[in-house]
>>> print(open('protein.txt').read())   # compact mmCIF, C-alpha atoms
# COMPACT_ATOMS: atom_id res chain seq x y z
CA MET L 12 11.53 -0.09 2.42
CA GLU L 13 12.11 -3.67 3.60
CA LEU L 14 8.47 -4.63 3.09
CA ALA L 15 8.49 -3.18 -0.44
CA ARG L 16 11.73 -5.00 -1.22
CA HIS L 17 10.36 -8.31 0.06
CA LEU L 18 7.09 -8.03 -1.89
CA ILE L 19 8.81 -7.01 -5.11
CA GLY L 20 11.49 -9.68 -4.81
CA THR L 21 8.95 -12.42 -4.05
CA CYS L 22 6.09 -11.51 -6.40
CA SER L 23 7.95 -10.38 -9.54
CA ARG L 24 10.98 -11.19 -11.67
CA GLU L 25 13.82 -9.11 -13.09
CA GLY L 26 12.59 -6.90 -15.90
CA ASP L 27 8.95 -7.01 -14.74
CA ILE L 28 6.83 -3.90 -14.27
CA VAL L 29 5.64 -3.03 -10.76
CA ALA L 30 2.94 -0.41 -10.10
CA GLU L 31 2.13 1.36 -6.84
CA GLY L 32 -1.09 3.12 -5.91
CA PHE L 33 -1.60 5.50 -2.95
CA THR L 34 2.10 6.41 -3.16
CA THR L 35 3.46 8.44 -0.25
CA SER L 36 7.22 7.92 -0.56
CA GLU L 37 10.00 6.74 -2.85
CA ALA L 38 10.45 3.39 -1.02
CA ALA L 39 8.81 1.08 -3.56
CA LEU L 40 10.45 2.84 -6.53
CA VAL L 41 13.91 2.56 -4.99
CA ALA L 42 13.39 -1.09 -4.06
CA ALA L 43 12.18 -1.94 -7.57
CA ALA L 44 15.11 -0.18 -9.24
CA ASP L 45 17.61 -1.91 -6.95
CA LEU L 46 16.05 -5.28 -7.85
CA ASP L 47 16.20 -4.59 -11.61
CA ARG L 48 12.46 -4.08 -12.04
CA ARG L 49 10.70 -1.22 -13.77
CA ALA L 50 8.36 0.68 -11.48
CA ILE L 51 5.52 3.16 -11.95
CA ALA L 52 4.09 5.12 -9.02
CA LEU L 53 0.74 6.90 -9.20
CA VAL L 54 1.25 10.36 -7.71
CA PRO L 55 -1.55 12.82 -8.57
CA HIS L 56 -0.47 15.37 -5.96
CA PHE L 57 2.20 17.58 -7.60
CA PRO L 58 4.03 18.74 -4.41
CA LEU L 59 4.38 15.11 -3.35
CA ALA L 60 5.69 14.17 -6.81
CA GLN L 61 8.30 16.93 -6.52
CA HIS L 62 9.31 15.68 -3.08
CA ILE L 63 9.63 12.06 -4.26
CA GLY L 64 11.54 13.14 -7.38
CA THR L 65 14.08 14.98 -5.24
CA ARG L 66 14.50 11.94 -3.02
CA LEU L 67 14.92 9.61 -6.01
CA ARG L 68 17.65 11.77 -7.56
CA ALA L 69 19.46 11.84 -4.22
CA THR L 70 19.12 8.09 -3.64
CA LEU L 71 19.38 6.25 -6.96
CA PRO L 72 22.42 6.15 -9.22
CA GLN L 73 21.88 7.78 -12.62
CA GLU L 74 21.67 4.45 -14.43
CA HIS L 75 18.78 3.32 -12.22
CA LEU L 76 16.65 6.44 -12.60
CA GLY L 77 15.47 5.24 -16.00
CA ARG L 78 13.80 2.25 -14.34
CA VAL L 79 11.34 4.36 -12.35
CA GLN L 80 8.68 6.90 -13.20
CA MET L 81 5.68 8.68 -11.72
CA ARG L 82 2.38 9.38 -13.40
CA PRO L 83 -0.15 12.07 -12.33
CA CYS L 84 -2.98 9.61 -11.88
CA ARG L 85 -5.33 8.80 -9.00
CA PRO L 86 -5.35 5.16 -7.85
CA ASP L 87 -8.98 4.65 -8.91
CA GLN L 88 -7.98 5.83 -12.42
CA MET L 89 -5.00 3.51 -12.68
CA ALA L 90 -6.31 1.67 -15.76
CA ARG L 91 -6.48 4.99 -17.61
CA GLY L 92 -3.09 6.16 -16.36
CA LEU L 93 -1.46 2.84 -17.33
CA ALA L 94 -3.37 2.34 -20.58
CA ASP L 95 -0.09 1.48 -22.31
CA HIS L 96 0.48 -1.39 -19.87
CA LEU L 97 -2.96 -3.01 -19.54
CA GLY L 98 -2.57 -6.70 -18.76
CA ASP L 99 1.20 -6.32 -18.48
CA ILE L 100 1.86 -5.46 -14.81
CA ALA L 101 3.38 -8.20 -12.63
CA LEU L 102 2.68 -6.64 -9.22
CA VAL L 103 0.43 -3.87 -7.94
CA THR L 104 1.09 -2.65 -4.40
CA ALA L 105 -0.99 -0.27 -2.30
CA ALA L 106 -1.24 0.95 1.27
CA PRO L 107 -4.51 2.94 1.29
CA PRO L 108 -4.87 5.61 4.00
CA PRO L 109 -7.30 4.66 6.80
CA HIS L 110 -9.88 7.11 5.45
CA GLU L 111 -10.19 4.85 2.40
CA THR L 112 -10.79 1.70 4.41
CA GLY L 113 -13.41 2.65 6.96
CA GLY L 114 -11.54 5.05 9.23
CA HIS L 115 -11.93 8.77 9.80
CA ARG L 116 -9.39 11.56 10.04
CA PRO L 117 -9.14 12.85 13.63
CA PRO L 118 -10.65 16.36 13.90
CA GLY L 119 -8.13 19.16 14.01
CA HIS L 120 -5.33 16.90 12.74
CA LYS L 121 -2.51 18.96 11.22
CA HIS L 122 -0.87 17.96 7.94
CA GLY L 123 2.48 19.52 7.10
CA CYS L 124 4.53 17.13 4.95
CA PRO L 125 3.75 16.56 1.25
CA ALA L 126 2.60 12.99 1.86
CA CYS L 127 0.22 14.06 4.62
CA ARG L 128 -1.27 16.82 2.49
CA ALA L 129 -1.76 14.34 -0.34
CA GLU L 130 -3.54 11.97 2.03
CA VAL L 131 -6.06 14.68 2.92
CA TRP L 132 -6.55 15.46 -0.76
CA MET L 133 -7.36 11.79 -1.38
CA LEU L 134 -10.16 11.80 1.17
CA THR L 135 -12.88 12.85 -1.26
CA SER L 136 -11.31 11.60 -4.49
CA GLN L 137 -10.24 8.01 -4.03
CA GLN L 138 -12.51 5.01 -4.05
CA LEU L 139 -11.00 1.72 -2.96
CA GLY L 140 -13.39 -0.43 -4.99
CA GLN L 141 -12.53 1.37 -8.22
CA PHE L 142 -8.83 0.98 -7.45
CA LEU L 143 -9.24 -2.79 -7.05
CA ALA L 144 -11.12 -2.96 -10.36
CA ALA L 145 -8.36 -0.94 -12.04
CA ALA L 146 -5.73 -3.28 -10.57
CA TRP L 147 -7.56 -6.19 -12.17
CA ARG L 148 -7.32 -4.52 -15.58
CA VAL L 149 -3.62 -3.68 -15.46
CA LEU L 150 -2.37 -6.94 -13.95
CA ARG L 151 -1.29 -9.74 -16.24
CA PRO L 152 -2.71 -13.25 -15.72
CA GLY L 153 -0.97 -14.64 -12.66
CA GLY L 154 -0.11 -11.13 -11.48
CA VAL L 155 -0.23 -10.23 -7.79
CA LEU L 156 -2.08 -7.47 -5.93
CA ALA L 157 -0.66 -6.64 -2.48
CA VAL L 158 -2.76 -4.40 -0.21
CA THR L 159 -1.29 -3.29 3.11
CA THR L 160 -3.63 -2.17 5.91
CA THR L 161 -3.57 -1.70 9.67
CA ALA L 162 -6.34 -2.49 12.12
CA ARG L 163 -6.89 0.35 14.57
CA HIS L 164 -8.93 1.33 17.60
CA GLN L 165 -11.13 4.33 16.93
CA ALA L 166 -14.01 5.78 18.91
CA GLY L 167 -13.93 2.79 21.24
CA ARG L 168 -14.14 0.13 18.52
CA LEU L 169 -11.74 -1.92 16.42
CA ILE L 170 -11.68 -1.09 12.70
CA ASP L 171 -10.13 -3.82 10.57
CA PRO L 172 -10.30 -3.03 6.84
CA ALA L 173 -8.90 -6.40 5.70
CA PRO L 174 -12.22 -8.33 5.56
CA ARG L 175 -13.83 -5.61 3.43
CA ILE L 176 -10.89 -5.54 1.03
CA ILE L 177 -10.86 -9.34 0.74
CA LYS L 178 -14.58 -9.41 -0.03
CA GLN L 179 -14.29 -6.70 -2.68
CA ALA L 180 -11.26 -8.28 -4.34
CA GLN L 181 -12.82 -11.74 -4.44
CA GLY L 182 -15.97 -10.23 -5.92
CA LEU L 183 -13.88 -9.03 -8.85
CA GLY L 184 -12.42 -12.48 -9.44
CA PHE L 185 -9.14 -12.26 -7.55
CA GLY L 186 -7.95 -15.33 -5.72
CA TYR L 187 -7.07 -14.65 -2.07
CA SER L 188 -3.56 -16.13 -1.84
CA GLN L 189 -2.10 -15.21 1.53
CA HIS L 190 -2.27 -12.99 4.60
CA VAL L 191 1.13 -11.71 5.72
CA ILE L 192 1.92 -10.07 9.05
CA ALA L 193 4.54 -7.33 8.64
CA LEU L 194 6.11 -6.13 11.89
CA ARG L 195 6.65 -2.39 12.27
CA VAL L 196 8.96 -2.70 15.29
CA PRO L 197 12.32 -4.43 15.86
CA ILE L 198 12.65 -7.83 17.56
CA ASP L 199 15.07 -8.37 20.43
CA GLY L 200 15.25 -12.12 20.95
CA ASP L 201 11.61 -13.11 21.47
CA VAL L 202 10.50 -9.62 22.53
CA LEU L 203 9.00 -6.88 20.36
CA VAL L 204 10.77 -3.58 21.02
CA VAL L 205 8.09 -0.89 21.23
CA GLN L 206 9.46 2.60 21.73
CA GLY L 207 7.08 5.17 23.20
CA GLY L 208 7.15 8.79 22.16
CA PRO L 209 6.25 11.80 24.33
CA ALA L 210 2.54 11.35 23.63
CA ASP L 211 2.71 7.69 24.66
CA LEU L 212 4.55 8.50 27.89
CA ALA L 213 1.64 10.69 28.93
CA GLN L 214 -0.53 7.56 28.90
CA LEU L 215 1.55 5.63 31.43
CA ARG L 216 -0.63 4.41 34.27
CA ASP L 217 -0.51 2.62 37.59
CA THR L 218 0.18 -1.09 36.95
CA ARG L 219 -2.58 -1.91 39.48
CA SER L 220 -5.16 -0.10 37.39
CA ARG L 221 -7.89 -2.18 35.76
CA ALA L 222 -8.12 0.20 32.82
CA LEU L 223 -7.02 -1.11 29.44
CA PRO L 224 -3.47 -0.11 28.44
CA PRO L 225 -3.01 2.29 25.52
CA ALA L 226 -3.20 0.57 22.13
CA VAL L 227 0.05 0.34 20.19
CA SER L 228 0.25 -0.66 16.53
CA VAL L 229 3.16 -3.08 16.03
CA HIS L 230 2.26 -4.70 12.71
CA ALA L 231 0.56 -4.22 9.37
CA ASP L 232 -1.60 -6.73 7.49
CA VAL L 233 -0.64 -7.50 3.89
CA CYS L 234 -3.35 -9.21 1.84
CA LEU L 235 -2.04 -10.93 -1.29
CA PHE L 236 -4.36 -11.61 -4.22
CA THR L 237 -3.66 -13.32 -7.55
CA LYS L 238 -5.31 -12.68 -10.90
CA PRO L 239 -6.27 -16.10 -12.31
CA GLN L 240 -4.27 -17.51 -15.19
CA GLN L 241 -7.14 -18.55 -17.46
CA PRO L 242 -10.96 -18.60 -17.71
CA TRP L 243 -13.26 -21.50 -16.97
CA LYS L 244 -14.80 -23.22 -19.97
CA ASP L 245 -18.12 -21.46 -19.34
CA GLY L 246 -16.39 -18.07 -19.59
CA ALA L 247 -16.10 -17.35 -15.87
CA ILE L 248 -12.67 -16.26 -14.65
CA ARG L 249 -10.52 -18.77 -12.81
>>> encode(input="protein.txt", output="structure tokens")
Amino acid sequence: MELARHLIGTCSREGDIVAEGFTTSEAALVAAADLDRRAIALVPHFPLAQHIGTRLRATLPQEHLGRVQMRPCRPDQMARGLADHLGDIALVTAAPPPHETGGHRPPGHKHGCPACRAEVWMLTSQQLGQFLAAAWRVLRPGGVLAVTTTARHQAGRLIDPAPRIIKQAQGLGFGYSQHVIALRVPIDGDVLVVQGGPADLAQLRDTRSRALPPAVSVHADVCLFTKPQQPWKDGAIR
């Protein structure tokens, strides 16, 4: 919620329209409504839409509910789903699942919650490149695209989706504005407070061991891109 609030407050103004792709919760919608923005979330998975709708009605006051809406549209079809707002969106946010950015779903992984089931459904349907192209079409000149990812260790190697996303976005004409580090854990003074769950405790080892410690994700990477304001004289986009 805090990350969504910060991005929306920094990259848009009151009354602007904010769109979210790869939606898994009500966080961005609630933050946008609280900040007097209008927000549209792309939620093609009906059970997840029902779940988010219930949460919105329980969280937002009645007068704020009119500021938010969901549309049954996949992220790669965003330009079609937001055809009435092409070139009018101030901010597009997205946190693609790792399967979209070079990762793989662990075999035998169980999915019970609506968001998790939607993530599995998106495995064969979503295409990150088409989502970026759709974001270009719906954003207004000077609009911002914010893509949140997390580097992870998998099968003995580090997978960092950020370079691929940056390359694809720049290929479309986006300007790469900033790379933001968003902490996922609290700070106590100058120390990051990492709390281990039962699965993490099973990985505790002898401090004299030379083996690498278990990897813990403490931050997310937020890549900020800007759609240029105007074209070059030769017709190329600036």
>>> atom_distance(input="protein.txt", atom1="CA of Arg24 in chain L", atom2="CA of Arg48 in chain L")
7.3 Å
>>> residues_around(input="protein.txt", residues="range 140-149 of chain L", least_positions_apart="3", cutoff="6 Å", atoms="only C-alpha atoms", output="number ranges by chain")
L: 86-87, 89-90, 97-98, 100
>>> atom_distance(input="protein.txt", atom1="CA of Gln240 in chain L", atom2="CA of Ser23 in chain L")
15.2 Å
>>> atom_distance(input="protein.txt", atom1="CA of Glu37 in chain L", atom2="CA of Pro83 in chain L")
14.9 Å
>>> closest_residue(input="protein.txt", among="L:Gln179, L:Leu67, L:Ala157, L:Pro58", to="His17 in chain L", atoms="only C-alpha atoms")
L:Ala157
>>> closest_residue(input="protein.txt", among="L:Ala15, L:Arg85, L:Val41, L:Ala231", to="Thr70 in chain L", atoms="only C-alpha atoms")
L:Val41
>>> residues_around(input="protein.txt", residues="Gly26 in chain L", least_positions_apart="5", cutoff="10 Å", atoms="only C-alpha atoms", output="count of residues only")
9
>>> closest_residue(input="protein.txt", among="L:Thr237, L:Leu18, L:Met12, L:Leu76", to="Val191 in chain L", atoms="only C-alpha atoms")
L:Leu18
